[in-house]
Amino acid sequence: MATTAGAKKGLWSTIRRIAASDRISGLIMLGFALTGLVLANLPATAHAFETVAETHLFIPYTNLDLPIGHWAQDGLLTIFFLTVGLELKQELTTGSLANPKAAAVPMLCAVGGMIAPPILFLAVTALFSQIGPGEPGTLILTTTGSSIPFSEMSHGWAVPTATDIAFSLAVLALFAKALPGSIRAFLMTLATVDDLLAIILIAVFFSSINAWYWFIGIAVCAAIWAYLVRLKKVPWIAVGIVGILAWIMMFEAGVHPTLAGVLVGLLTPSREMHGELSPRAERYANKLQPFSALLALPIFALFATGVHFESVSPLLLVSPLVIALIVALVVGKPLGIITTAWLATHVGGLKMAKGLRVRDMIPAAVACGIGFTVSFLIASLAYKNAELSAEARFGVLVASLIAAAISGVLLSRQSKRFEKAAAAQAAAAEVLADAEAGESIDGNGTGQPSRTTKPTTPTEHPGTLADGTASVEIDFRH
């Protein structure tokens with residue numbers, strides 16, 4: 001019995017270590033995303049994959065009758081958003097966002113990084129609608145030849161706004177081992193605010209409000225959750241039921257149900273209470289991390305990228321929608337972040353973290369062009385047209401891979417420069433320390449400070465040798 005319990009504990013510890021590794025969890029999610037794309041388009045697996053994704057599951061006495069692919073998007077992804085909500089609450093209370101003045105530059109950069117991509121996306125799609133094939137004001141999809149009005153294509157303006165923090169940190173972990181912690185902290189703060197803004201964006205622009213009375217139910221669930229998680233002994237069964245009810249009411253109200261996770265996460269205590277050693281929000285986020293990183297996100301990525309194309313060809317890469325998303329994420333994200341950082345520091349008088357310059361943030365800013373999770377979600381919400389939704393998700397995947405590749409190269413080179421600078425600084429410090437140690441040792445090597453003596457003046461003593469020759473004796477003693 002003890003051996004079995006120890007084995008289970010060891011297995012769970014291993015799972016938690018894997019989930020805590022940005023590098024491993026990011027690669028797992030990327031692997032699932034690529035697997036979904038392959039399974040949905042291989043002739044041998046496409047039908048079976050589509051059958052699984054479109055199989056409906058329903059909850060009696062509710063309107064919840066969704067295919068498995070949507071359950072992954074609306075259900076499992078709630079675990080990820082609950083983790084985000086808990087981390088946000090902790091950051092707002094005791095973390096990087098607790099002092100807005102210190103976090104002002106990355107917070108503003110998050111805003112700039114969400115403004116520039118939609119502008120470039122709309123500019124590129126508008127350009128294609130005017131000079132591309134087809135009637136003015138329309139865009140032609142290269143794979144099917146479908147004609148899409150610019151007004152419909154522009155619904156995807158919000159797709160390139162989000163940064164995937166898990167993938168961005170995975171790239172940093174893979175290619176930037178020698179970078180100072182201030183760059184990672186900057187990216188973490190920026191991505192946290194980016195998540196918060198993406199949540200607001202989904203709630204405001206991609207929710208269709210239904211009957212108002214559901215919001216009363218949501219408020220009641222929120223109040224009960226806030227009360228229960230503050231009790232000395234938390235009744236987890238009751239908490240789970242309240243959380244599920246909040247999710248159902250969000251769905252019925254027309255608000256994207258994953259936001260229920262954010263809501264209850266923000267209502268969880270983020271300071272120590274009842275004599276506990278760590279805040280509950282922090283502990284709960286750590287416990288949920290394995291389920292979010294190794295279950296919810298990979299399965300969501302599998303179905304999000306599992307879109308079938310009638311003809312998978314290089315023509316997909318020159319689709320107006322795909323090009324617009326690549327430009328928006330790979331160019332727009334870093335452009336918005338770096339421009340905002342420069343304006344904030346050179347015009348606004350704000351300061352970067354000690355030792356950081358604006359140009360030091362360029363590689364990390366390029367990594368912010370990795371959209372993925374939330375961008376996939378917004379793509380599925382923005383486009384009702386299945387063909388546009390599929391191309392948008394493909395465009396996000398391609399743009400994210402390009403951003404990851406470019407940032408990986410830039411981060412690797414930057415990391416080597418920091419490593420050389422650190423080695424040179426360490427060598428100089430060692431030489432200085434040796435020199436100071438040498439000066440403090442006396443000639444006998446006793447380790448005692450040498451005494452300072454005054455120079456002596458020779459003394460002459462005239463005399464006569466035995467044979468009568470005159471002589472002079474010089475005395476150097478003191």
# chains A, B, ... in the order shown; residues from 1 in each chain; ligands from 1
$ residues_around --residues "stretch 240-248 of chain A" --least-positions-apart "2" --cutoff "8 Å" --atoms "only C-alpha atoms" --output "PyMOL selection string"
chain A and resi 217-218+221-222+224-225+236-238+250-252+257-261+264
$ write_last_selection --atoms "C-alpha atoms" --output "short mmCIF file (atom, residue, chain, number, x, y, z; two decimals), in the first residue's frame"
data_model
loop_
_atom_site.label_atom_id
_atom_site.label_comp_id
_atom_site.auth_asym_id
_atom_site.auth_seq_id
_atom_site.Cartn_x
_atom_site.Cartn_y
_atom_site.Cartn_z
CA GLY A 217 -27.77 33.80 -11.59
CA ILE A 218 -24.14 34.52 -12.56
CA CYS A 221 -22.90 32.05 -8.22
CA ALA A 222 -20.03 34.53 -8.04
CA ILE A 224 -21.41 32.06 -3.30
CA TRP A 225 -18.00 31.13 -4.78
CA TRP A 236 -14.79 21.48 -2.65
CA ILE A 237 -17.87 19.59 -3.85
CA ALA A 238 -20.03 22.68 -3.32
CA MET A 250 -22.60 32.18 -18.84
CA PHE A 251 -23.42 29.93 -21.77
CA GLU A 252 -27.17 30.56 -21.47
CA PRO A 257 -18.61 30.38 -21.04
CA THR A 258 -14.82 30.16 -20.59
CA LEU A 259 -15.03 33.61 -18.99
CA ALA A 260 -16.72 31.95 -16.00
CA GLY A 261 -13.25 30.62 -15.13
CA VAL A 264 -14.34 32.94 -10.23
#
$ select_by_dssp --residues "stretch 172-233 of chain A" --states "helix (DSSP H, G or I)" --output "PyMOL selection string"
chain A and resi 172-175+181-205+213-228
$ closest_residue --among "A:Ala386, A:Val347, A:Ala178, A:Ala328" --to "A:Lys416" --atoms "only C-alpha atoms"
A:Ala178
$ closest_atom_pairs --of "stretch 4-116 of chain A" --to "stretch 303-312 of chain A" --cutoff "6 Å" --atoms "only C-alpha atoms" --output "tab-separated table"
residue	atom	partner	partner_atom	distance
A:Ala33	CA	A:Thr305	CA	5.6
A:Gly36	CA	A:Gly306	CA	4.2
A:Leu37	CA	A:Gly306	CA	4.6
A:Ala40	CA	A:Gly306	CA	5.1
A:Asn41	CA	A:His308	CA	5.4
A:Gly69	CA	A:Phe303	CA	5.6
$ closest_residue --among "A:Asn63, A:Glu436, A:Ile68, A:Ala399" --to "A:Glu50" --atoms "only C-alpha atoms"
A:Ile68
$ closest_residue --among "A:Ile402, A:Ala433, A:Ile148, A:Leu294" --to "A:Ile15" --atoms "only C-alpha atoms"
A:Leu294
$ residues_around --residues "A:Pro133" --least-positions-apart "3" --cutoff "12 Å" --atoms "only C-alpha atoms" --output "number ranges by chain"
A: 127-130, 136-142, 145-148, 319-320
$ atom_distance --atom1 "atom CA of A:Ala103" --atom2 "atom CA of A:Thr345"
12.6 Å
$ closest_residue --among "A:Thr161, A:Thr78, A:Ser292, A:Ser380" --to "A:Ala116" --atoms "only C-alpha atoms"
A:Thr161
$ closest_residue --among "A:Ala211, A:Ala301, A:Leu190, A:Val431" --to "A:Ile338" --atoms "only C-alpha atoms"
A:Leu190
$ closest_residue --among "A:Val262, A:Leu321, A:Leu11, A:Met29" --to "A:Phe150" --atoms "only C-alpha atoms"
A:Leu321
$ residues_around --residues "stretch 269-274 of chain A" --least-positions-apart "5" --cutoff "8 Å" --atoms "only C-alpha atoms" --output "PDB file with C-alpha atoms, in the first residue's frame"
ATOM      1  CA  LYS A  89      -5.628  37.961  -9.195  1.00  0.00           C
ATOM      2  CA  GLN A  90      -2.249  37.110  -7.661  1.00  0.00           C
ATOM      3  CA  THR A  93      -2.476  41.815  -5.531  1.00  0.00           C
ATOM      4  CA  THR A  94       1.145  40.968  -4.834  1.00  0.00           C
ATOM      5  CA  VAL A 229     -13.347  29.844  -0.981  1.00  0.00           C
ATOM      6  CA  ARG A 230     -12.810  32.103   2.045  1.00  0.00           C
ATOM      7  CA  LYS A 232     -11.254  27.907   6.740  1.00  0.00           C
ATOM      8  CA  PRO A 279      -2.182  32.643  -0.806  1.00  0.00           C
ATOM      9  CA  ARG A 280      -4.986  30.402  -1.990  1.00  0.00           C
ATOM     10  CA  ALA A 281      -5.046  31.855  -5.518  1.00  0.00           C
ATOM     11  CA  GLU A 282      -1.385  30.949  -5.934  1.00  0.00           C
TER      12      GLU A 282
END
$ residues_around --residues "A:Leu325" --least-positions-apart "4" --cutoff "7 Å" --atoms "only C-alpha atoms" --output "MDAnalysis selection string"
chainID A and resid 121 160 321 329 395:396 399
$ residues_around --residues "A:Val322" --least-positions-apart "4" --cutoff "8 Å" --atoms "only C-alpha atoms" --output "JSON, numbers by chain"
{"A": [316, 317, 318, 326, 391, 392, 394, 395, 396]}
$ write_last_selection --atoms "N, CA and C atoms" --output "PDB file, in the first residue's frame"
ATOM      1  N   LEU A 316      -2.359  27.917 -50.084  1.00  0.00           N
ATOM      2  CA  LEU A 316      -2.877  28.399 -48.795  1.00  0.00           C
ATOM      3  C   LEU A 316      -2.009  29.512 -48.228  1.00  0.00           C
ATOM      4  N   LEU A 317      -0.708  29.420 -48.478  1.00  0.00           N
ATOM      5  CA  LEU A 317       0.231  30.392 -47.915  1.00  0.00           C
ATOM      6  C   LEU A 317       0.109  31.763 -48.560  1.00  0.00           C
ATOM      7  N   VAL A 318      -0.524  31.841 -49.746  1.00  0.00           N
ATOM      8  CA  VAL A 318      -0.692  33.140 -50.401  1.00  0.00           C
ATOM      9  C   VAL A 318      -2.155  33.587 -50.375  1.00  0.00           C
ATOM     10  N   ILE A 326      -0.250  36.776 -41.032  1.00  0.00           N
ATOM     11  CA  ILE A 326       1.202  36.693 -40.870  1.00  0.00           C
ATOM     12  C   ILE A 326       1.799  38.087 -40.672  1.00  0.00           C
ATOM     13  N   GLU A 391      -9.257  28.897 -42.543  1.00  0.00           N
ATOM     14  CA  GLU A 391      -8.065  29.601 -43.043  1.00  0.00           C
ATOM     15  C   GLU A 391      -7.463  30.508 -41.976  1.00  0.00           C
ATOM     16  N   ALA A 392      -8.322  31.117 -41.160  1.00  0.00           N
ATOM     17  CA  ALA A 392      -7.821  31.998 -40.097  1.00  0.00           C
ATOM     18  C   ALA A 392      -6.983  31.203 -39.096  1.00  0.00           C
ATOM     19  N   PHE A 394      -5.447  28.370 -39.675  1.00  0.00           N
ATOM     20  CA  PHE A 394      -4.215  27.976 -40.372  1.00  0.00           C
ATOM     21  C   PHE A 394      -3.240  29.156 -40.418  1.00  0.00           C
ATOM     22  N   GLY A 395      -3.763  30.351 -40.701  1.00  0.00           N
ATOM     23  CA  GLY A 395      -2.920  31.546 -40.735  1.00  0.00           C
ATOM     24  C   GLY A 395      -2.276  31.832 -39.396  1.00  0.00           C
ATOM     25  N   VAL A 396      -3.029  31.639 -38.292  1.00  0.00           N
ATOM     26  CA  VAL A 396      -2.478  31.840 -36.950  1.00  0.00           C
ATOM     27  C   VAL A 396      -1.358  30.840 -36.686  1.00  0.00           C
TER      28      VAL A 396
END
$ decode --residues "stretch 181-217 of chain A" --atoms "N, CA and C atoms" --output "tab-separated table (two decimals), in the first residue's frame"
chain	number	residue	atom	x	y	z
A	181	GLY	N	16.94	38.07	-16.04
A	181	GLY	CA	15.56	37.81	-15.60
A	181	GLY	C	14.62	38.97	-15.88
A	182	SER	N	15.17	40.19	-16.04
A	182	SER	CA	14.32	41.35	-16.28
A	182	SER	C	13.57	41.24	-17.61
A	183	ILE	N	14.17	40.56	-18.61
A	183	ILE	CA	13.50	40.41	-19.90
A	183	ILE	C	12.32	39.45	-19.76
A	184	ARG	N	12.52	38.34	-19.05
A	184	ARG	CA	11.43	37.40	-18.80
A	184	ARG	C	10.32	38.07	-17.99
A	185	ALA	N	10.70	38.86	-16.96
A	185	ALA	CA	9.70	39.55	-16.15
A	185	ALA	C	8.90	40.54	-17.00
A	186	PHE	N	9.60	41.25	-17.91
A	186	PHE	CA	8.92	42.18	-18.81
A	186	PHE	C	7.90	41.43	-19.67
A	187	LEU	N	8.32	40.31	-20.24
A	187	LEU	CA	7.43	39.52	-21.08
A	187	LEU	C	6.26	38.96	-20.29
A	188	MET	N	6.51	38.51	-19.07
A	188	MET	CA	5.44	37.97	-18.23
A	188	MET	C	4.39	39.03	-17.92
A	189	THR	N	4.85	40.24	-17.56
A	189	THR	CA	3.93	41.32	-17.25
A	189	THR	C	3.12	41.71	-18.49
A	190	LEU	N	3.82	41.84	-19.61
A	190	LEU	CA	3.15	42.19	-20.87
A	190	LEU	C	2.09	41.15	-21.22
A	191	ALA	N	2.45	39.86	-21.14
A	191	ALA	CA	1.52	38.80	-21.52
A	191	ALA	C	0.34	38.71	-20.56
A	192	THR	N	0.57	39.00	-19.29
A	192	THR	CA	-0.52	38.97	-18.31
A	192	THR	C	-1.56	40.04	-18.64
A	193	VAL	N	-1.09	41.25	-18.95
A	193	VAL	CA	-2.02	42.32	-19.33
A	193	VAL	C	-2.67	41.99	-20.67
A	194	ASP	N	-1.90	41.38	-21.57
A	194	ASP	CA	-2.44	40.96	-22.86
A	194	ASP	C	-3.60	39.98	-22.67
A	195	ASP	N	-3.44	39.02	-21.74
A	195	ASP	CA	-4.52	38.07	-21.44
A	195	ASP	C	-5.75	38.79	-20.93
A	196	LEU	N	-5.53	39.75	-20.02
A	196	LEU	CA	-6.65	40.50	-19.45
A	196	LEU	C	-7.40	41.26	-20.55
A	197	LEU	N	-6.67	41.92	-21.44
A	197	LEU	CA	-7.29	42.67	-22.52
A	197	LEU	C	-8.02	41.74	-23.50
A	198	ALA	N	-7.44	40.56	-23.75
A	198	ALA	CA	-8.10	39.60	-24.64
A	198	ALA	C	-9.41	39.11	-24.04
A	199	ILE	N	-9.43	38.92	-22.74
A	199	ILE	CA	-10.66	38.50	-22.05
A	199	ILE	C	-11.74	39.56	-22.19
A	200	ILE	N	-11.34	40.83	-21.99
A	200	ILE	CA	-12.29	41.93	-22.14
A	200	ILE	C	-12.79	42.01	-23.58
A	201	LEU	N	-11.87	41.81	-24.52
A	201	LEU	CA	-12.23	41.87	-25.94
A	201	LEU	C	-13.25	40.79	-26.30
A	202	ILE	N	-13.04	39.57	-25.82
A	202	ILE	CA	-13.98	38.48	-26.09
A	202	ILE	C	-15.34	38.78	-25.47
A	203	ALA	N	-15.33	39.29	-24.24
A	203	ALA	CA	-16.59	39.58	-23.55
A	203	ALA	C	-17.37	40.68	-24.25
A	204	VAL	N	-16.67	41.69	-24.77
A	204	VAL	CA	-17.35	42.85	-25.35
A	204	VAL	C	-17.78	42.59	-26.79
A	205	PHE	N	-16.90	42.01	-27.59
A	205	PHE	CA	-17.15	41.92	-29.04
A	205	PHE	C	-17.68	40.56	-29.51
A	206	PHE	N	-17.52	39.53	-28.71
A	206	PHE	CA	-17.90	38.21	-29.19
A	206	PHE	C	-18.89	37.52	-28.26
A	207	SER	N	-19.73	38.29	-27.67
A	207	SER	CA	-20.80	37.75	-26.85
A	207	SER	C	-22.13	38.29	-27.38
A	208	SER	N	-23.13	37.42	-27.45
A	208	SER	CA	-24.46	37.85	-27.88
A	208	SER	C	-25.40	37.68	-26.69
A	209	ILE	N	-25.73	38.79	-26.09
A	209	ILE	CA	-26.47	38.77	-24.83
A	209	ILE	C	-27.88	38.23	-25.04
A	210	ASN	N	-28.26	37.25	-24.20
A	210	ASN	CA	-29.61	36.68	-24.24
A	210	ASN	C	-30.42	37.25	-23.08
A	211	ALA	N	-31.24	36.45	-22.46
A	211	ALA	CA	-32.13	36.93	-21.39
A	211	ALA	C	-31.31	37.47	-20.21
A	212	TRP	N	-31.76	38.63	-19.69
A	212	TRP	CA	-31.01	39.33	-18.65
A	212	TRP	C	-30.97	38.56	-17.33
A	213	TYR	N	-32.01	37.72	-17.07
A	213	TYR	CA	-32.08	37.08	-15.76
A	213	TYR	C	-30.95	36.09	-15.52
A	214	TRP	N	-30.30	35.63	-16.59
A	214	TRP	CA	-29.15	34.75	-16.39
A	214	TRP	C	-28.02	35.46	-15.66
A	215	PHE	N	-27.93	36.77	-15.86
A	215	PHE	CA	-26.86	37.52	-15.20
A	215	PHE	C	-27.08	37.60	-13.69
A	216	ILE	N	-28.34	37.55	-13.27
A	216	ILE	CA	-28.61	37.48	-11.83
A	216	ILE	C	-28.05	36.17	-11.27
A	217	GLY	N	-28.30	35.09	-12.00
A	217	GLY	CA	-27.77	33.80	-11.59
A	217	GLY	C	-26.25	33.79	-11.55
